[in-house]
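Participant: Quick one: structure below, then a few questions.
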Number of protein chains: 2
Amino acid sequence: MTEHVFDRAIALAAQSDGSFLGHTSRAYGNMVGPYGGITAAQALNAVLVHRERQGEPVAYTVNYAAPVIDGPFTVQARPARTNRSTQHWVIEMLQQGQTVLTATAFTALRRETWSAAEHTMPAVPRPADVPLPAGEPPVEWVKRYEMRFVHGGLPATWDDREEALSRTQLWVRDKPPRPLDFASLTALSDVFFPRIWRRRASRVPVGTVSMTVYFHADAAHLAATGSGYLLAQAQAQAFRKGYFDQTAQLWSEAGELVVTTHQVVYYKA
Amino acid sequence: MTEHVFDRAIALAAQSDGSFLGHTSRAYGNMVGPYGGITAAQALNAVLVHRERQGEPVAYTVNYAAPVIDGPFTVQARPARTNRSTQHWVIEMLQQGQTVLTATAFTALRRETWSAAEHTMPAVPRPADVPLPAGEPPVEWVKRYEMRFVHGGLPATWDDREEALSRTQLWVRDKPPRPLDFASLTALSDVFFPRIWRRRASRVPVGTVSMTVYFHADAAHLAATGSGYLLAQAQAQAFRKGYFDQTAQLWSEAGELVVTTHQVVYYKA
């Protein structure tokens, strides 16, 4: 079986000092440097493959401190606190000795409890009934995902007409399909094009500065979800003085909320 | 002028090794140990008073790694990356040499840009038209806030009847009133009682494990807001296998979104 392009992209080599060595992936390239979602997944992977890890990711926050340059990087992941069934990680990614990313992760052994949904999946057409976008993807990483926009796709024309709401809904999965796991969900959490592009129909310069991912599914649940589509929904709450936020949800095709995620994004406008 | 109880609570003393020494505040005590909001504010304050800080907080994530014990604590705040107009901080709080909290913060110089609201303030009665809760606050920190519940207050009876939605809306401000700043907004971001108590009408054991705060107001904006009320709204999105999330908004009395915040909370049920 050939290794999936995503697995090649997030691969890390353990170093003798306890850190990990990785390399940016051309396959997940953005306009300049790599797609933020793959960088987030690479950094989380240092926890996922760490021999001292206990439990599964529940919360993960990644901060993009500087542009990641195409080439090698080092990830340091330190268990700052290990409790009986939970663990707190501090993560840093470096290039040429300089910090390009900081992150924290919380892992836990999850147990059966009373559970309930609250933010339920909106009523949307099935993936097969939603067409694929026409035209060639503008950047390389977009080719790594099958995206079927239900609502709020990229503006058809960049005419600066202002929209009242920035909501986007799409069915999305890895291309080629790949069973979901914590690393791929992390990358998928950043799959939305910038809310300000949708809101303003203008491609103003942007860059995510911080993203938080909460995992509502454990490994067993993800295994059952397999390589199916996710319904991904994102919306901004405020655009103010150079920064806007985004709140987003990812549901499995069966309608279960597997991830809630938020980010704050720099914009120049 | 007497120092406000909040300022006394978050006060830090610079140490010769660059760290800061603080002490938990009895005035913000919870059932056991301190209110999580005051702990988050104390940790952020190490960045706010840091001589190398540039810019104002835009994003802040705090992870509660272990119970904070009443007594002294140390905070280390390190500028992991300083760019031209932005800065990324890694923060750690320790007690007796052990990590009890990890955090990251992003600070930036904010500039005038095109700005817009998207999540607008719900229509609610004015603060003066919403009664104060009857009865004595159950824990000390609750006495430090004036809370006027518009919708979804603490269940009147703990009868395990299940509610369909966990939304809560309240007008809230420091008691006595205090001009808003980044530290007090951080503490206020954690002001909501646990969503699972609302949803299940049952006081199951809970504990926040991670909270993220996005600031949509800068210092000038906060100064203009003064010591007015905030409309605070919170709702869960999913409760699953021991953890639920909460997404929340804080609007100024004038209707401007000043903070969006999220957290993930452990529960036993």
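Ordering of the structure tokens sets the chain letters (A, B, ...), residue numbers begin anew at 1 in every chain, and ligands are numbered from 1 in the order given.
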Mind listing as number ranges by chain which residues of chain A are within 8 Å of chain B, counting only C-alpha atoms?

Facilitator: A: 59, 61, 63, 65-66, 80-81, 83, 87-88, 90, 98-100, 102-104, 106, 110-119, 164-166, 209-210, 212, 214, 216-217, 236-245, 257, 260, 264, 268-269

Participant: For the contact check between range 59-172 of chain A and range 34-38 of chain A, emit one row per residue of range 59-172 of chain A within 8 Å, containing the shortest atom pair and the distance in Å rounded to one decimal, counting only C-alpha atoms, chain then rising number order, as a Markdown table.

Facilitator:
```
| residue | atom | partner | partner_atom | distance |
| --- | --- | --- | --- | --- |
| A:Val68 | CA | A:Pro34 | CA | 6.9 |
| A:Ile69 | CA | A:Pro34 | CA | 7.8 |
| A:Asp70 | CA | A:Pro34 | CA | 7.1 |
| A:Trp141 | CA | A:Tyr35 | CA | 6.4 |
```

Participant: Ranking A:Phe20, A:Phe192, A:Tyr145, A:Phe182 by minimum distance to Gln233 in chain A and counting only C-alpha atoms, which one comes first?

Facilitator: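 Of all the options, A:Phe192 lies closest to Gln233 in chain A.
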
Participant: Enter the distance from CA of Leu21 in chain B to CA of Thr107 in chain B, in Å, rounded to one decimal.

Facilitator: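 Straight-line distance from CA of Leu21 in chain B to CA of Thr107 in chain B works out to 22.0 Å.
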
Participant: I'd like the neighbourhood of Leu188 in chain A as a PyMOL selection string, where a residue qualifies if any of its atoms comes within 10 Å (using only C-alpha atoms), though same-chain residues fewer than 2 positions away should be ignored.

Facilitator: chain A and resi 37-38+40-41+145+172-174+180+182-186+190-192+230+232+250+259

Participant: Step one, run DSSP on the backbone; step two, keep only residues of range 25-215 of chain A assigned to helix (DSSP H, G or I); then write them as a PyMOL selection string.

Facilitator: chain A and resi 26-28+36-48+127-129+140-144+182-188+195-200

Participant: For range 14-17 of chain A, list every protein, DNA or RNA residue within 12 Å, evaluated using only C-alpha atoms, and leave out those in the same chain fewer than 4 positions away; present the list as a PDB file with all heavy atoms, in the first residue's frame.

Facilitator:
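Result written to out_22.pdb:
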```pdb
ATOM      1  N   LEU A  21      12.445  16.047  13.639  1.00  0.00           N
ATOM      2  CA  LEU A  21      12.805  16.753  12.413  1.00  0.00           C
ATOM      3  C   LEU A  21      11.741  16.479  11.352  1.00  0.00           C
ATOM      4  O   LEU A  21      11.356  15.331  11.137  1.00  0.00           O
ATOM      5  CB  LEU A  21      14.180  16.274  11.924  1.00  0.00           C
ATOM      6  CG  LEU A  21      14.757  17.001  10.717  1.00  0.00           C
ATOM      7  CD1 LEU A  21      15.088  18.453  11.045  1.00  0.00           C
ATOM      8  CD2 LEU A  21      16.028  16.272  10.229  1.00  0.00           C
ATOM      9  N   GLY A  22      11.230  17.518  10.727  1.00  0.00           N
ATOM     10  CA  GLY A  22      10.271  17.365   9.650  1.00  0.00           C
ATOM     11  C   GLY A  22      10.664  18.249   8.475  1.00  0.00           C
ATOM     12  O   GLY A  22      11.690  18.949   8.518  1.00  0.00           O
ATOM     13  N   ASN A  45       1.615  16.419  15.472  1.00  0.00           N
ATOM     14  CA  ASN A  45       2.142  15.068  15.297  1.00  0.00           C
ATOM     15  C   ASN A  45       3.312  14.773  16.233  1.00  0.00           C
ATOM     16  O   ASN A  45       3.537  13.624  16.604  1.00  0.00           O
ATOM     17  CB  ASN A  45       2.538  14.829  13.832  1.00  0.00           C
ATOM     18  CG  ASN A  45       2.544  13.353  13.478  1.00  0.00           C
ATOM     19  OD1 ASN A  45       1.808  12.570  14.078  1.00  0.00           O
ATOM     20  ND2 ASN A  45       3.385  12.970  12.533  1.00  0.00           N
ATOM     21  N   ALA A  46       4.036  15.812  16.631  1.00  0.00           N
ATOM     22  CA  ALA A  46       5.131  15.607  17.589  1.00  0.00           C
ATOM     23  C   ALA A  46       4.595  15.091  18.922  1.00  0.00           C
ATOM     24  O   ALA A  46       5.286  14.356  19.633  1.00  0.00           O
ATOM     25  CB  ALA A  46       5.920  16.898  17.786  1.00  0.00           C
ATOM     26  N   VAL A  47       3.365  15.461  19.270  1.00  0.00           N
ATOM     27  CA  VAL A  47       2.722  14.918  20.467  1.00  0.00           C
ATOM     28  C   VAL A  47       2.195  13.514  20.171  1.00  0.00           C
ATOM     29  O   VAL A  47       2.374  12.583  20.957  1.00  0.00           O
ATOM     30  CB  VAL A  47       1.575  15.836  20.944  1.00  0.00           C
ATOM     31  CG1 VAL A  47       0.784  15.179  22.077  1.00  0.00           C
ATOM     32  CG2 VAL A  47       2.133  17.182  21.373  1.00  0.00           C
ATOM     33  N   VAL A  49       3.170  11.214  18.147  1.00  0.00           N
ATOM     34  CA  VAL A  49       4.175  10.149  18.044  1.00  0.00           C
ATOM     35  C   VAL A  49       5.085  10.106  19.281  1.00  0.00           C
ATOM     36  O   VAL A  49       5.968   9.241  19.366  1.00  0.00           O
ATOM     37  CB  VAL A  49       5.060  10.306  16.772  1.00  0.00           C
ATOM     38  CG1 VAL A  49       4.184  10.327  15.519  1.00  0.00           C
ATOM     39  CG2 VAL A  49       5.937  11.548  16.844  1.00  0.00           C
ATOM     40  N   HIS A  50       4.887  11.015  20.214  1.00  0.00           N
ATOM     41  CA  HIS A  50       5.779  11.108  21.380  1.00  0.00           C
ATOM     42  C   HIS A  50       5.609   9.887  22.283  1.00  0.00           C
ATOM     43  O   HIS A  50       4.497   9.504  22.612  1.00  0.00           O
ATOM     44  CB  HIS A  50       5.470  12.389  22.160  1.00  0.00           C
ATOM     45  CG  HIS A  50       6.598  12.852  23.021  1.00  0.00           C
ATOM     46  ND1 HIS A  50       6.981  12.189  24.162  1.00  0.00           N
ATOM     47  CD2 HIS A  50       7.432  13.917  22.910  1.00  0.00           C
ATOM     48  CE1 HIS A  50       7.994  12.835  24.717  1.00  0.00           C
ATOM     49  NE2 HIS A  50       8.295  13.884  23.971  1.00  0.00           N
ATOM     50  N   ARG A  51       6.724   9.299  22.691  1.00  0.00           N
ATOM     51  CA  ARG A  51       6.637   8.059  23.482  1.00  0.00           C
ATOM     52  C   ARG A  51       6.043   8.298  24.869  1.00  0.00           C
ATOM     53  O   ARG A  51       5.584   7.361  25.516  1.00  0.00           O
ATOM     54  CB  ARG A  51       8.014   7.412  23.602  1.00  0.00           C
ATOM     55  CG  ARG A  51       9.015   8.239  24.424  1.00  0.00           C
ATOM     56  CD  ARG A  51      10.287   7.449  24.682  1.00  0.00           C
ATOM     57  NE  ARG A  51      11.045   7.251  23.447  1.00  0.00           N
ATOM     58  CZ  ARG A  51      12.094   6.459  23.362  1.00  0.00           C
ATOM     59  NH1 ARG A  51      12.481   5.753  24.412  1.00  0.00           N
ATOM     60  NH2 ARG A  51      12.765   6.368  22.244  1.00  0.00           N
ATOM     61  N   PHE A  73      12.314  21.635   9.348  1.00  0.00           N
ATOM     62  CA  PHE A  73      11.978  22.306  10.620  1.00  0.00           C
ATOM     63  C   PHE A  73      12.167  21.311  11.761  1.00  0.00           C
ATOM     64  O   PHE A  73      12.211  20.087  11.538  1.00  0.00           O
ATOM     65  CB  PHE A  73      10.541  22.840  10.602  1.00  0.00           C
ATOM     66  CG  PHE A  73       9.498  21.797  10.343  1.00  0.00           C
ATOM     67  CD1 PHE A  73       9.068  20.937  11.353  1.00  0.00           C
ATOM     68  CD2 PHE A  73       8.943  21.649   9.068  1.00  0.00           C
ATOM     69  CE1 PHE A  73       8.117  19.954  11.096  1.00  0.00           C
ATOM     70  CE2 PHE A  73       7.989  20.667   8.805  1.00  0.00           C
ATOM     71  CZ  PHE A  73       7.575  19.814   9.821  1.00  0.00           C
ATOM     72  N   THR A  74      12.276  21.851  12.955  1.00  0.00           N
ATOM     73  CA  THR A  74      12.392  21.045  14.165  1.00  0.00           C
ATOM     74  C   THR A  74      11.162  21.293  15.025  1.00  0.00           C
ATOM     75  O   THR A  74      10.689  22.430  15.100  1.00  0.00           O
ATOM     76  CB  THR A  74      13.657  21.446  14.956  1.00  0.00           C
ATOM     77  OG1 THR A  74      14.799  21.223  14.130  1.00  0.00           O
ATOM     78  CG2 THR A  74      13.796  20.647  16.235  1.00  0.00           C
ATOM     79  N   VAL A  75      10.620  20.237  15.643  1.00  0.00           N
ATOM     80  CA  VAL A  75       9.515  20.403  16.598  1.00  0.00           C
ATOM     81  C   VAL A  75       9.950  19.871  17.949  1.00  0.00           C
ATOM     82  O   VAL A  75      10.483  18.759  18.046  1.00  0.00           O
ATOM     83  CB  VAL A  75       8.235  19.665  16.151  1.00  0.00           C
ATOM     84  CG1 VAL A  75       7.066  20.030  17.076  1.00  0.00           C
ATOM     85  CG2 VAL A  75       7.871  19.976  14.716  1.00  0.00           C
ATOM     86  N   GLN A  76       9.735  20.689  18.977  1.00  0.00           N
ATOM     87  CA  GLN A  76       9.967  20.260  20.356  1.00  0.00           C
ATOM     88  C   GLN A  76       8.605  20.120  21.023  1.00  0.00           C
ATOM     89  O   GLN A  76       7.794  21.041  20.952  1.00  0.00           O
ATOM     90  CB  GLN A  76      10.796  21.304  21.107  1.00  0.00           C
ATOM     91  CG  GLN A  76      12.171  21.531  20.486  1.00  0.00           C
ATOM     92  CD  GLN A  76      12.859  22.783  21.009  1.00  0.00           C
ATOM     93  OE1 GLN A  76      12.225  23.631  21.641  1.00  0.00           O
ATOM     94  NE2 GLN A  76      14.149  22.900  20.739  1.00  0.00           N
ATOM     95  N   ALA A  77       8.344  18.986  21.648  1.00  0.00           N
ATOM     96  CA  ALA A  77       7.085  18.781  22.378  1.00  0.00           C
ATOM     97  C   ALA A  77       7.435  18.312  23.788  1.00  0.00           C
ATOM     98  O   ALA A  77       8.134  17.309  23.957  1.00  0.00           O
ATOM     99  CB  ALA A  77       6.219  17.745  21.672  1.00  0.00           C
ATOM    100  N   ARG A  78       6.965  19.051  24.769  1.00  0.00           N
ATOM    101  CA  ARG A  78       7.324  18.782  26.161  1.00  0.00           C
ATOM    102  C   ARG A  78       6.060  18.544  26.979  1.00  0.00           C
ATOM    103  O   ARG A  78       5.153  19.376  26.960  1.00  0.00           O
ATOM    104  CB  ARG A  78       8.079  20.007  26.696  1.00  0.00           C
ATOM    105  CG  ARG A  78       8.398  19.977  28.178  1.00  0.00           C
ATOM    106  CD  ARG A  78       9.306  21.144  28.575  1.00  0.00           C
ATOM    107  NE  ARG A  78       8.727  22.446  28.316  1.00  0.00           N
ATOM    108  CZ  ARG A  78       8.017  23.144  29.214  1.00  0.00           C
ATOM    109  NH1 ARG A  78       7.800  22.657  30.417  1.00  0.00           N
ATOM    110  NH2 ARG A  78       7.525  24.330  28.895  1.00  0.00           N
TER     111      ARG A  78
END
```

Participant: Which residue is closest to Leu132 in chain A? Choose from A:Glu56, A:Glu163, A:His4, A:Trp171 and count only C-alpha atoms.

Facilitator: A:Trp171

Participant: DSSP on the backbone: which residues in range 38-268 of chain B end up as strand (DSSP E)? Give the answer as a ChimeraX atom specification.

Facilitator: /B:56-64,72-82,86-95,98-108,116-117,145-151,168-174,206-215,230-235,238-240,243-252,257-267

Participant: Can you work out which one of A:Pro72, A:Arg148, A:Ala234, A:Pro122 has the shortest atom-to-atom distance to Ala134 in chain A, counting only C-alpha atoms?

Facilitator: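 Distance minimum relative to Ala134 in chain A lands on A:Arg148.
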
Participant: Of the candidates B:Met31, B:Met121, B:Ala248, B:Ala224, which shows the shortest atom-to-atom distance to Pro137 in chain B, using only C-alpha atoms?

Facilitator: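 Closest residue, counting only C-alpha atoms: B:Met31.
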